[in-house]
file upload_13.pdb (PDB, C-alpha atoms)
MODEL        1
ATOM      1  CA  MET A   1      14.192  23.475  11.195
ATOM      2  CA  ILE A   2      14.841  20.865   8.494
ATOM      3  CA  HIS A   3      12.337  18.519  10.115
ATOM      4  CA  LEU A   4       9.759  21.310  10.254
ATOM      5  CA  ILE A   5      10.201  22.170   6.567
ATOM      6  CA  SER A   6       9.950  18.492   5.614
ATOM      7  CA  MET A   7       6.777  18.146   7.669
ATOM      8  CA  VAL A   8       5.167  21.215   6.066
ATOM      9  CA  LEU A   9       5.977  20.022   2.545
ATOM     10  CA  ARG A  10       4.626  16.546   3.237
ATOM     11  CA  LEU A  11       1.426  17.915   4.776
ATOM     12  CA  LEU A  12       0.923  20.106   1.718
ATOM     13  CA  HIS A  13       1.298  16.992  -0.425
ATOM     14  CA  LEU A  14      -1.374  15.254   1.650
ATOM     15  CA  LEU A  15      -3.743  18.224   1.453
ATOM     16  CA  CYS A  16      -3.278  18.507  -2.318
ATOM     17  CA  ALA A  17      -4.002  14.824  -2.984
ATOM     18  CA  GLY A  18      -7.658  15.548  -3.643
ATOM     19  CA  LEU A  19      -6.749  18.394  -5.995
ATOM     20  CA  GLY A  20      -4.469  16.054  -7.916
ATOM     21  CA  VAL A  21      -7.365  13.629  -8.429
ATOM     22  CA  ALA A  22      -9.524  16.485  -9.711
ATOM     23  CA  LEU A  23      -6.846  17.491 -12.207
ATOM     24  CA  LEU A  24      -6.657  13.910 -13.444
ATOM     25  CA  ALA A  25     -10.383  13.938 -14.076
ATOM     26  CA  ILE A  26     -10.095  17.182 -16.086
ATOM     27  CA  ALA A  27      -7.138  15.931 -18.145
ATOM     28  CA  GLY A  28      -8.344  12.375 -18.613
ATOM     29  CA  PRO A  29      -7.601  11.747 -22.346
ATOM     30  CA  ALA A  30      -4.117  13.301 -22.188
ATOM     31  CA  ARG A  31      -3.244  11.388 -19.042
ATOM     32  CA  ALA A  32      -4.465   8.093 -20.562
ATOM     33  CA  GLN A  33      -2.125   8.590 -23.529
ATOM     34  CA  GLN A  34       0.819   9.345 -21.235
ATOM     35  CA  ALA A  35       0.027   6.343 -19.047
ATOM     36  CA  ALA A  36       0.382   3.978 -22.004
ATOM     37  CA  ASP A  37       3.942   5.223 -22.473
ATOM     38  CA  MET A  38       4.828   4.254 -18.910
ATOM     39  CA  VAL A  39       2.673   1.279 -17.896
ATOM     40  CA  ASP A  40       0.325  -1.328 -19.362
ATOM     41  CA  VAL A  41      -2.499  -2.433 -17.055
ATOM     42  CA  ARG A  42      -4.853  -5.383 -17.536
ATOM     43  CA  VAL A  43      -7.035  -7.804 -15.601
ATOM     44  CA  LEU A  44      -5.924 -11.395 -15.083
ATOM     45  CA  PRO A  45      -9.278 -13.248 -14.782
ATOM     46  CA  GLY A  46      -8.087 -15.826 -12.251
ATOM     47  CA  TRP A  47     -10.394 -18.482 -10.871
ATOM     48  CA  ARG A  48     -13.453 -19.113  -8.704
ATOM     49  CA  THR A  49     -12.990 -21.000  -5.426
ATOM     50  CA  PRO A  50     -15.404 -23.699  -4.199
ATOM     51  CA  GLU A  51     -16.592 -21.205  -1.561
ATOM     52  CA  GLY A  52     -17.676 -18.767  -4.295
ATOM     53  CA  LEU A  53     -14.838 -16.243  -3.904
ATOM     54  CA  HIS A  54     -13.142 -15.151  -7.116
ATOM     55  CA  ILE A  55      -9.353 -14.739  -7.114
ATOM     56  CA  ALA A  56      -8.173 -12.393  -9.869
ATOM     57  CA  ALA A  57      -5.359  -9.854 -10.291
ATOM     58  CA  ILE A  58      -4.401  -6.544 -11.837
ATOM     59  CA  GLU A  59      -1.207  -6.883 -13.865
ATOM     60  CA  MET A  60       0.907  -3.748 -14.305
ATOM     61  CA  ARG A  61       3.791  -3.930 -16.773
ATOM     62  CA  LEU A  62       6.035  -0.931 -16.253
ATOM     63  CA  ARG A  63       8.388   0.406 -18.893
ATOM     64  CA  PRO A  64      12.128   0.026 -18.119
ATOM     65  CA  GLY A  65      13.234   2.419 -15.379
ATOM     66  CA  TRP A  66       9.706   3.223 -14.157
ATOM     67  CA  MET A  67       8.207   2.201 -10.818
ATOM     68  CA  THR A  68       4.865   2.504  -9.087
ATOM     69  CA  TYR A  69       3.933   2.694  -5.436
ATOM     70  CA  TRP A  70       2.787   0.496  -2.589
ATOM     71  CA  ARG A  71      -0.282   1.436  -0.520
ATOM     72  CA  ALA A  72       2.074   3.517   1.684
ATOM     73  CA  PRO A  73       4.420   5.121  -0.858
ATOM     74  CA  GLY A  74       7.071   6.502   1.485
ATOM     75  CA  ASP A  75       8.304  10.095   1.708
ATOM     76  CA  THR A  76       7.170  10.913  -1.817
ATOM     77  CA  GLY A  77       4.800   9.284  -4.236
ATOM     78  CA  ILE A  78       1.100   8.782  -4.742
ATOM     79  CA  PRO A  79      -0.778   5.958  -2.997
ATOM     80  CA  PRO A  80      -2.920   4.113  -5.550
ATOM     81  CA  GLN A  81      -6.691   4.544  -5.424
ATOM     82  CA  PHE A  82      -9.199   2.079  -6.888
ATOM     83  CA  ASP A  83     -12.801   2.678  -7.987
ATOM     84  CA  TRP A  84     -14.846  -0.410  -8.879
ATOM     85  CA  ARG A  85     -18.303   1.214  -8.936
ATOM     86  CA  ARG A  86     -18.956   0.469 -12.616
ATOM     87  CA  SER A  87     -18.572  -3.283 -12.086
ATOM     88  CA  HIS A  88     -21.480  -5.714 -12.329
ATOM     89  CA  ASN A  89     -22.372  -8.568  -9.958
ATOM     90  CA  LEU A  90     -19.848  -7.292  -7.450
ATOM     91  CA  THR A  91     -20.188  -6.957  -3.677
ATOM     92  CA  GLY A  92     -16.619  -6.183  -2.669
ATOM     93  CA  VAL A  93     -12.928  -6.248  -3.635
ATOM     94  CA  GLU A  94      -9.984  -6.893  -1.309
ATOM     95  CA  ILE A  95      -6.448  -6.148  -2.500
ATOM     96  CA  VAL A  96      -3.601  -8.445  -1.442
ATOM     97  CA  TRP A  97      -0.362  -6.454  -1.594
ATOM     98  CA  PRO A  98       2.828  -8.378  -2.443
ATOM     99  CA  THR A  99       5.921  -7.408  -0.464
ATOM    100  CA  PRO A 100       7.319  -4.205  -2.022
ATOM    101  CA  SER A 101      10.879  -2.938  -2.361
ATOM    102  CA  VAL A 102      12.180  -0.127  -0.136
ATOM    103  CA  ARG A 103      14.520   2.368  -1.741
ATOM    104  CA  ASP A 104      16.470   5.108   0.045
ATOM    105  CA  LYS A 105      18.061   7.785  -2.107
ATOM    106  CA  GLY A 106      19.491  10.965  -0.669
ATOM    107  CA  GLY A 107      17.567  10.461   2.560
ATOM    108  CA  VAL A 108      14.247  10.072   0.716
ATOM    109  CA  ARG A 109      12.440   6.742   1.032
ATOM    110  CA  THR A 110      10.166   5.322  -1.660
ATOM    111  CA  ILE A 111       8.282   2.035  -1.413
ATOM    112  CA  GLY A 112       6.924   0.251  -4.443
ATOM    113  CA  TYR A 113       7.404  -2.015  -7.438
ATOM    114  CA  SER A 114       9.200  -2.061 -10.784
ATOM    115  CA  ASP A 115       9.090  -4.255 -13.915
ATOM    116  CA  VAL A 116       5.926  -6.365 -13.533
ATOM    117  CA  LEU A 117       3.492  -6.104 -10.636
ATOM    118  CA  VAL A 118       0.800  -8.752 -10.277
ATOM    119  CA  LEU A 119      -1.613  -7.356  -7.689
ATOM    120  CA  PRO A 120      -4.007 -10.083  -6.483
ATOM    121  CA  ILE A 121      -7.598  -9.143  -5.697
ATOM    122  CA  ARG A 122     -10.222 -11.174  -3.869
ATOM    123  CA  VAL A 123     -13.600 -10.508  -5.468
ATOM    124  CA  LEU A 124     -16.922 -11.323  -3.807
ATOM    125  CA  PRO A 125     -19.739 -11.735  -6.362
ATOM    126  CA  ALA A 126     -23.142 -10.286  -5.500
ATOM    127  CA  ARG A 127     -24.893 -13.268  -7.076
ATOM    128  CA  SER A 128     -23.369 -16.640  -6.362
ATOM    129  CA  GLY A 129     -22.761 -18.686  -9.487
ATOM    130  CA  GLY A 130     -22.750 -15.714 -11.877
ATOM    131  CA  ASP A 131     -19.929 -14.126 -13.839
ATOM    132  CA  VAL A 132     -18.471 -10.828 -12.627
ATOM    133  CA  THR A 133     -17.792  -7.914 -14.953
ATOM    134  CA  LEU A 134     -14.906  -6.090 -13.304
ATOM    135  CA  THR A 135     -14.615  -2.461 -14.402
ATOM    136  CA  GLY A 136     -12.248  -0.179 -12.562
ATOM    137  CA  ARG A 137     -10.478   3.174 -12.574
ATOM    138  CA  ILE A 138      -7.043   3.239 -10.996
ATOM    139  CA  GLU A 139      -5.377   6.495  -9.985
ATOM    140  CA  MET A 140      -1.701   5.859  -9.375
ATOM    141  CA  GLY A 141       1.727   7.401  -9.536
ATOM    142  CA  VAL A 142       4.585   6.186 -11.705
ATOM    143  CA  CYS A 143       8.099   7.464 -11.254
ATOM    144  CA  ARG A 144      11.477   7.515 -12.994
ATOM    145  CA  ASP A 145      13.357  10.816 -13.082
ATOM    146  CA  ILE A 146      10.028  12.491 -12.369
ATOM    147  CA  CYS A 147       6.870  11.232 -10.717
ATOM    148  CA  VAL A 148       3.695  11.408 -12.785
ATOM    149  CA  PRO A 149       0.082  10.903 -11.611
ATOM    150  CA  VAL A 150      -1.901   8.818 -14.100
ATOM    151  CA  ALA A 151      -5.418   7.446 -14.316
ATOM    152  CA  VAL A 152      -6.074   4.172 -16.127
ATOM    153  CA  ARG A 153      -9.228   2.164 -16.741
ATOM    154  CA  VAL A 154      -9.289  -1.620 -16.659
ATOM    155  CA  SER A 155     -12.036  -4.147 -17.338
ATOM    156  CA  GLY A 156     -12.393  -7.872 -17.633
ATOM    157  CA  GLN A 157     -14.778 -10.799 -17.265
ATOM    158  CA  LEU A 158     -14.353 -13.080 -14.262
ATOM    159  CA  PRO A 159     -16.119 -16.302 -15.321
ATOM    160  CA  ASN A 160     -17.798 -18.455 -12.714
ATOM    161  CA  ALA A 161     -16.730 -21.603 -14.579
ATOM    162  CA  THR A 162     -12.972 -20.995 -14.208
ATOM    163  CA  ALA A 163     -11.505 -23.190 -11.473
ATOM    164  CA  ARG A 164      -7.846 -23.647 -12.418
ATOM    165  CA  PRO A 165      -5.500 -21.330 -10.472
ATOM    166  CA  ASP A 166      -3.295 -18.949 -12.450
ATOM    167  CA  PRO A 167       0.353 -19.576 -11.421
ATOM    168  CA  ARG A 168       1.186 -15.866 -11.789
ATOM    169  CA  ILE A 169      -1.455 -14.956  -9.220
ATOM    170  CA  VAL A 170      -0.495 -17.867  -6.968
ATOM    171  CA  ALA A 171       3.113 -16.615  -6.926
ATOM    172  CA  ALA A 172       1.996 -13.071  -6.104
ATOM    173  CA  LEU A 173      -0.197 -14.320  -3.254
ATOM    174  CA  ALA A 174       2.768 -16.255  -1.879
ATOM    175  CA  SER A 175       4.878 -13.078  -1.844
ATOM    176  CA  ARG A 176       2.580 -11.195   0.552
ATOM    177  CA  PRO A 177       4.020 -10.330   3.975
ATOM    178  CA  ASP A 178       3.644 -12.926   6.712
ATOM    179  CA  THR A 179       1.118 -12.296   9.435
ATOM    180  CA  ALA A 180       2.383 -11.688  12.965
ATOM    181  CA  ALA A 181       1.375 -15.237  13.906
ATOM    182  CA  GLU A 182       3.170 -16.755  10.888
ATOM    183  CA  ALA A 183       6.352 -14.836  11.740
ATOM    184  CA  GLY A 184       6.212 -15.811  15.422
ATOM    185  CA  VAL A 185       5.843 -12.238  16.716
ATOM    186  CA  ARG A 186       5.754 -12.530  20.502
ATOM    187  CA  GLY A 187       4.702  -9.009  21.362
ATOM    188  CA  VAL A 188       4.263  -5.450  20.083
ATOM    189  CA  ALA A 189       4.181  -2.456  22.430
ATOM    190  CA  CYS A 190       3.751   1.180  21.426
ATOM    191  CA  ARG A 191       4.655   4.239  23.460
ATOM    192  CA  ILE A 192       2.876   7.408  22.384
ATOM    193  CA  SER A 193       4.039  10.815  23.560
ATOM    194  CA  PRO A 194       3.175  14.422  22.687
ATOM    195  CA  ILE A 195       5.619  16.378  20.514
ATOM    196  CA  GLU A 196       5.371  19.866  19.055
ATOM    197  CA  GLY A 197       2.413  19.850  16.654
ATOM    198  CA  GLY A 198       1.728  16.134  16.852
ATOM    199  CA  LEU A 199       2.540  12.806  18.467
ATOM    200  CA  GLY A 200       5.636  10.665  18.709
ATOM    201  CA  LEU A 201       5.273   6.900  18.462
ATOM    202  CA  GLN A 202       7.824   4.229  19.327
ATOM    203  CA  ALA A 203       7.001   0.604  18.624
ATOM    204  CA  GLU A 204       8.983  -2.198  20.231
ATOM    205  CA  ILE A 205       8.560  -5.484  18.374
ATOM    206  CA  GLU A 206       9.636  -8.813  19.795
ATOM    207  CA  ILE A 207      10.214 -10.992  16.744
ATOM    208  CA  PRO A 208      12.557 -13.885  15.919
ATOM    209  CA  GLY A 209      15.532 -12.741  13.853
ATOM    210  CA  ALA A 210      14.854  -9.089  14.639
ATOM    211  CA  THR A 211      18.222  -7.956  13.267
ATOM    212  CA  GLY A 212      17.214  -9.290   9.837
ATOM    213  CA  TYR A 213      14.612  -6.531   9.512
ATOM    214  CA  ASP A 214      16.016  -3.109   8.669
ATOM    215  CA  ALA A 215      12.916  -1.132   7.660
ATOM    216  CA  ALA A 216       9.487  -0.515   9.159
ATOM    217  CA  VAL A 217       6.432   1.269   7.793
ATOM    218  CA  ILE A 218       3.822   2.522  10.240
ATOM    219  CA  GLU A 219       0.282   3.314   9.076
ATOM    220  CA  VAL A 220      -2.829   4.462  10.918
ATOM    221  CA  ASP A 221      -6.521   4.119  10.101
ATOM    222  CA  ASN A 222      -7.138   7.887   9.828
ATOM    223  CA  PRO A 223      -6.247   9.141   6.288
ATOM    224  CA  ARG A 224      -5.907  12.730   7.573
ATOM    225  CA  ILE A 225      -2.912  11.805   9.717
ATOM    226  CA  TRP A 226       0.513  11.927   8.115
ATOM    227  CA  VAL A 227       3.085   9.433   9.416
ATOM    228  CA  ALA A 228       6.782  10.147   8.922
ATOM    229  CA  SER A 229       9.199   7.466   7.757
ATOM    230  CA  ALA A 230      10.104   5.317  10.735
ATOM    231  CA  ARG A 231      13.665   5.057  12.015
ATOM    232  CA  THR A 232      14.636   1.516  13.037
ATOM    233  CA  THR A 233      17.149   0.272  15.569
ATOM    234  CA  HIS A 234      17.726  -3.022  17.375
ATOM    235  CA  ARG A 235      17.962  -3.565  21.088
ATOM    236  CA  GLY A 236      18.164  -6.812  23.026
ATOM    237  CA  GLY A 237      16.864  -8.931  20.161
ATOM    238  CA  ARG A 238      13.965  -6.545  19.503
ATOM    239  CA  LEU A 239      13.187  -4.215  16.614
ATOM    240  CA  ILE A 240      12.490  -0.604  17.600
ATOM    241  CA  ALA A 241      10.628   1.643  15.152
ATOM    242  CA  ALA A 242      10.143   5.338  15.928
ATOM    243  CA  THR A 243       8.122   7.900  13.998
ATOM    244  CA  ARG A 244       6.178  11.177  14.200
ATOM    245  CA  LEU A 245       2.521  11.802  13.388
ATOM    246  CA  TYR A 246       0.790  15.052  12.414
ATOM    247  CA  HIS A 247      -2.776  15.928  11.493
ATOM    248  CA  ALA A 248      -3.255  17.437   8.015
ATOM    249  CA  GLU A 249      -5.280  20.280   9.537
ATOM    250  CA  GLY A 250      -2.643  21.015  12.164
ATOM    251  CA  ARG A 251      -4.938  20.165  15.066
ATOM    252  CA  SER A 252      -4.739  17.700  17.938
ATOM    253  CA  PHE A 253      -5.962  14.146  17.425
ATOM    254  CA  ALA A 254      -6.452  10.842  19.176
ATOM    255  CA  LEU A 255      -4.714   7.665  18.060
ATOM    256  CA  ASP A 256      -6.517   4.313  18.037
ATOM    257  CA  ARG A 257      -3.948   1.645  18.894
ATOM    258  CA  SER A 258      -6.026  -1.067  17.205
ATOM    259  CA  GLY A 259      -5.797   0.924  13.948
ATOM    260  CA  ILE A 260      -1.994   1.052  13.956
ATOM    261  CA  ARG A 261      -0.463  -1.145  11.261
ATOM    262  CA  ILE A 262       3.249  -1.922  11.205
ATOM    263  CA  THR A 263       4.994  -3.655   8.310
ATOM    264  CA  VAL A 264       8.587  -4.673   8.947
ATOM    265  CA  MET A 265      10.811  -5.602   6.010
ATOM    266  CA  GLY A 266      14.249  -6.971   5.334
ATOM    267  CA  ARG A 267      16.166  -9.413   3.130
ATOM    268  CA  GLY A 268      13.247 -10.148   0.829
ATOM    269  CA  ARG A 269      10.737 -10.828   3.596
ATOM    270  CA  ALA A 270       8.143  -8.828   5.455
ATOM    271  CA  VAL A 271       5.697  -9.112   8.360
ATOM    272  CA  ASP A 272       2.319  -7.365   8.599
ATOM    273  CA  ILE A 273       1.406  -6.527  12.208
ATOM    274  CA  GLN A 274      -2.069  -5.262  13.103
ATOM    275  CA  GLY A 275      -2.473  -3.169  16.252
ATOM    276  CA  CYS A 276      -0.182  -2.707  19.225
ATOM    277  CA  ALA A 277      -0.546  -2.699  22.981
ATOM    278  CA  ALA A 278       0.353   0.171  25.299
ATOM    279  CA  GLY A 279       4.040   0.163  26.140
TER     280      GLY A 279
ENDMDL
END
call {"tool": "encode", "arguments": {"input": "upload_13.pdb", "output": "C-alpha cells"}}
result
Amino acid sequence: MIHLISMVLRLLHLLCAGLGVALLAIAGPARAQQAADMVDVRVLPGWRTPEGLHIAAIEMRLRPGWMTYWRAPGDTGIPPQFDWRRSHNLTGVEIVWPTPSVRDKGGVRTIGYSDVLVLPIRVLPARSGGDVTLTGRIEMGVCRDICVPVAVRVSGQLPNATARPDPRIVAALASRPDTAAEAGVRGVACRISPIEGGLGLQAEIEIPGATGYDAAVIEVDNPRIWVASARTTHRGGRLIAATRLYHAEGRSFALDRSGIRITVMGRGRAVDIQGCAAG
C-alpha cells in the first residue's frame, strides 16, 4: 500500500509539471524577485575551439543552505528546463552535467548541487566565425526547508575571438561522470518483467570496483514514464540496480533498451552508461 501511495503521488507530480511551468509564466516578476534571494545565475563566456565549437557555462551561486537539482532530481524536486530560442547565431546547445551529490533523508532521495554549480554547455554557432548571443530562460527548482520552482533569464556574449580556456569550466568538465569505456565497464544486462501497473527492471552491471558504487539512477528516453529510485546491491563483483517504471497515463508501454541510461555513483565518482542488453 505504501508503494502504491508513493507511486500515485509521484505520478501526480509528473502530470502537474506542465501546470507548474504555466504558473511560473503567469507569476514571472514575483518569481524573478524570489529567485534572486535564493540563487544568482550568469553566463561564463568561455572560449571557442579550433573546430568552431564554443565552450561556455552557466554559473549558479546558491545562497547558504539552498540546493538545486540534477537532470534526474530523485524522489522529489524539479528537473531543470532550458529554453534558448531567443539566442542569435545559435544552432544547438549541449549540457555537460558534472557529477551531482546524492542525499537520502527519511527514505527520500534527492540528487543535485549546492554552493556553486558551474554547468558547462557546448554551443554550436550557426555561422562559423561569428559571435553568439546566448539568451536563455531556465526553469528550475531550488530547495532548503521547502522546494520552490523559479524561472530565471540569463544572457551573455560568446565572442569568436576568445581562445583561452576558463579554468572554472575546465574543472567542471573534468568532474563529469566517466563513460562506460573510461570506467572499464565489461557488460550491462537488463531484465524487464511485468508488474502491477507497470514494468520492473533489474540491471546487472559488470564494472571494476563494483562495491565502491552505492547508488544508481536509471532514466529512460520517454518523458511520460516515471522511474522509481533504484535499489542497489552487490553480487559476485557486480552492481545490481532494481527499479519500477510506470506510465503517467496509467497505460501499458514498451521500453527501448537503447534509450535506458544508468548512472552509477559512489565515493565522489560516477559512470554514465548508455543502453543495456537483454539479460
call {"tool": "atom_distance", "arguments": {"input": "upload_13.pdb", "atom1": "CA of Asn89 in chain A", "atom2": "CA of Gly52 in chain A"}}
result
12.6 Å
call {"tool": "closest_residue", "arguments": {"input": "upload_13.pdb", "among": "A:Leu255, A:Met67, A:Ala57, A:Ala278", "to": "Cys147 in chain A", "atoms": "only C-alpha atoms"}}
result
A:Met67
call {"tool": "residues_around", "arguments": {"input": "upload_13.pdb", "residues": "Glu51 in chain A", "least_positions_apart": "4", "cutoff": "12 Å", "atoms": "all atoms listed in the file", "output": "PyMOL selection string"}}
result
chain A and resi 47+55+123-125+128-129+160+163
call {"tool": "resolve_selection", "arguments": {"input": "upload_13.pdb", "expression": "the PyMOL selection byres ((chain A and resi 220-232) around 8)", "output": "list in words"}}
result
Arg10, Leu11, Leu14, Gly74, Asp75, Arg109, Asp214, Ala215, Ala216, Val217, Ile218, Glu219, Thr233, His234, Leu239, Ile240, Ala241, Ala242, Thr243, Arg244, Leu245, Tyr246, His247, Ala248, Glu249, Asp256, Gly259, Ile260 and Arg261 of chain A
call {"tool": "write_last_selection", "arguments": {"input": "upload_13.pdb", "atoms": "C-alpha atoms", "output": "PDB file, in the frame of the given file"}}
result
ATOM      1  CA  ARG A  10       4.626  16.546   3.237  1.00  0.00           C
ATOM      2  CA  LEU A  11       1.426  17.915   4.776  1.00  0.00           C
ATOM      3  CA  LEU A  14      -1.374  15.254   1.650  1.00  0.00           C
ATOM      4  CA  GLY A  74       7.071   6.502   1.485  1.00  0.00           C
ATOM      5  CA  ASP A  75       8.304  10.095   1.708  1.00  0.00           C
ATOM      6  CA  ARG A 109      12.440   6.742   1.032  1.00  0.00           C
ATOM      7  CA  ASP A 214      16.016  -3.109   8.669  1.00  0.00           C
ATOM      8  CA  ALA A 215      12.916  -1.132   7.660  1.00  0.00           C
ATOM      9  CA  ALA A 216       9.487  -0.515   9.159  1.00  0.00           C
ATOM     10  CA  VAL A 217       6.432   1.269   7.793  1.00  0.00           C
ATOM     11  CA  ILE A 218       3.822   2.522  10.240  1.00  0.00           C
ATOM     12  CA  GLU A 219       0.282   3.314   9.076  1.00  0.00           C
ATOM     13  CA  THR A 233      17.149   0.272  15.569  1.00  0.00           C
ATOM     14  CA  HIS A 234      17.726  -3.022  17.375  1.00  0.00           C
ATOM     15  CA  LEU A 239      13.187  -4.215  16.614  1.00  0.00           C
ATOM     16  CA  ILE A 240      12.490  -0.604  17.600  1.00  0.00           C
ATOM     17  CA  ALA A 241      10.628   1.643  15.152  1.00  0.00           C
ATOM     18  CA  ALA A 242      10.143   5.338  15.928  1.00  0.00           C
ATOM     19  CA  THR A 243       8.122   7.900  13.998  1.00  0.00           C
ATOM     20  CA  ARG A 244       6.178  11.177  14.200  1.00  0.00           C
ATOM     21  CA  LEU A 245       2.521  11.802  13.388  1.00  0.00           C
ATOM     22  CA  TYR A 246       0.790  15.052  12.414  1.00  0.00           C
ATOM     23  CA  HIS A 247      -2.776  15.928  11.493  1.00  0.00           C
ATOM     24  CA  ALA A 248      -3.255  17.437   8.015  1.00  0.00           C
ATOM     25  CA  GLU A 249      -5.280  20.280   9.537  1.00  0.00           C
ATOM     26  CA  ASP A 256      -6.517   4.313  18.037  1.00  0.00           C
ATOM     27  CA  GLY A 259      -5.797   0.924  13.948  1.00  0.00           C
ATOM     28  CA  ILE A 260      -1.994   1.052  13.956  1.00  0.00           C
ATOM     29  CA  ARG A 261      -0.463  -1.145  11.261  1.00  0.00           C
TER      30      ARG A 261
END
call {"tool": "atom_distance", "arguments": {"input": "upload_13.pdb", "atom1": "CA of Arg235 in chain A", "atom2": "CA of Arg176 in chain A"}}
result
26.8 Å
call {"tool": "residues_around", "arguments": {"input": "upload_13.pdb", "residues": "Asp272 in chain A", "least_positions_apart": "3", "cutoff": "9 Å", "atoms": "all atoms listed in the file", "output": "NGL selection string"}}
result
:A and (176-180 or 261-264)
call {"tool": "closest_residue", "arguments": {"input": "upload_13.pdb", "among": "A:Thr49, A:Gln274, A:Thr133, A:Ser252", "to": "Leu199 in chain A", "atoms": "all atoms listed in the file"}}
result
A:Ser252
call {"tool": "atom_distance", "arguments": {"input": "upload_13.pdb", "atom1": "CA of His88 in chain A", "atom2": "CA of Arg127 in chain A"}}
result
9.8 Å
call {"tool": "resolve_selection", "arguments": {"input": "upload_13.pdb", "expression": "the PyMOL selection byres ((chain A and resi 138) around 9)", "output": "list of chain:residue names"}}
result
A:Pro80, A:Gln81, A:Phe82, A:Asp83, A:Trp84, A:Gly136, A:Arg137, A:Glu139, A:Met140, A:Val150, A:Ala151, A:Val152, A:Arg153, A:Val154
call {"tool": "resolve_selection", "arguments": {"input": "upload_13.pdb", "expression": "the PyMOL selection byres ((chain A and resi 165) around 10)", "output": "number ranges by chain"}}
result
A: 45-49, 55-56, 162-164, 166-170
call {"tool": "closest_residue", "arguments": {"input": "upload_13.pdb", "among": "A:Pro194, A:Gly65, A:Gly156, A:Pro100", "to": "Leu44 in chain A", "atoms": "all atoms listed in the file"}}
result
A:Gly156
call {"tool": "closest_residue", "arguments": {"input": "upload_13.pdb", "among": "A:Ala181, A:Thr110, A:Gly92, A:Gly250", "to": "Gly197 in chain A", "atoms": "all atoms listed in the file"}}
result
A:Gly250
call {"tool": "closest_residue", "arguments": {"input": "upload_13.pdb", "among": "A:Val96, A:Ile195, A:Ala189, A:Ile207", "to": "Val118 in chain A", "atoms": "all atoms listed in the file"}}
result
A:Val96
call {"tool": "residues_around", "arguments": {"input": "upload_13.pdb", "residues": "Tyr69 in chain A", "least_positions_apart": "2", "cutoff": "8 Å", "atoms": "all atoms listed in the file", "output": "list in words"}}
result
Met67, Arg71, Ala72, Pro73, Gly77, Ile78, Pro79, Pro80, Thr110, Ile111, Gly112, Tyr113, Met140, Gly141 and Val142 of chain A
call {"tool": "residues_near_point", "arguments": {"input": "upload_13.pdb", "point": "(12.1, 8.6, -18.4)", "cutoff": "12 Å", "atoms": "only C-alpha atoms", "output": "ChimeraX atom specification"}}
result
/A:34,37-39,62-67,142-148
call {"tool": "build_atoms", "arguments": {"input": "upload_13.pdb", "residues": "range 242-253 of chain A", "atoms": "N, CA and C atoms", "output": "compact mmCIF listing (two decimals), keeping the file's coordinate frame"}}
result
# COMPACT_ATOMS: atom_id res chain seq x y z
N ALA A 242 10.59 4.06 15.37
CA ALA A 242 10.14 5.34 15.93
C ALA A 242 9.72 6.27 14.80
N THR A 243 8.62 6.99 15.02
CA THR A 243 8.12 7.90 14.00
C THR A 243 7.41 9.08 14.64
N ARG A 244 6.95 10.01 13.78
CA ARG A 244 6.18 11.18 14.20
C ARG A 244 4.89 11.23 13.40
N LEU A 245 3.82 11.73 14.04
CA LEU A 245 2.52 11.80 13.39
C LEU A 245 1.97 13.22 13.52
N TYR A 246 1.37 13.71 12.43
CA TYR A 246 0.79 15.05 12.41
C TYR A 246 -0.56 15.01 11.69
N HIS A 247 -1.48 15.83 12.16
CA HIS A 247 -2.78 15.93 11.49
C HIS A 247 -2.67 16.90 10.32
N ALA A 248 -3.33 16.59 9.20
CA ALA A 248 -3.26 17.44 8.02
C ALA A 248 -3.79 18.83 8.27
N GLU A 249 -4.70 18.98 9.23
CA GLU A 249 -5.28 20.28 9.54
C GLU A 249 -4.55 20.99 10.67
N GLY A 250 -3.45 20.39 11.13
CA GLY A 250 -2.64 21.02 12.16
C GLY A 250 -3.27 21.02 13.54
N ARG A 251 -4.26 20.18 13.76
CA ARG A 251 -4.94 20.16 15.07
C ARG A 251 -4.58 18.90 15.84
N SER A 252 -5.00 18.88 17.11
CA SER A 252 -4.74 17.70 17.94
C SER A 252 -5.62 16.53 17.49
N PHE A 253 -5.22 15.33 17.85
CA PHE A 253 -5.96 14.15 17.42
C PHE A 253 -5.69 13.00 18.38
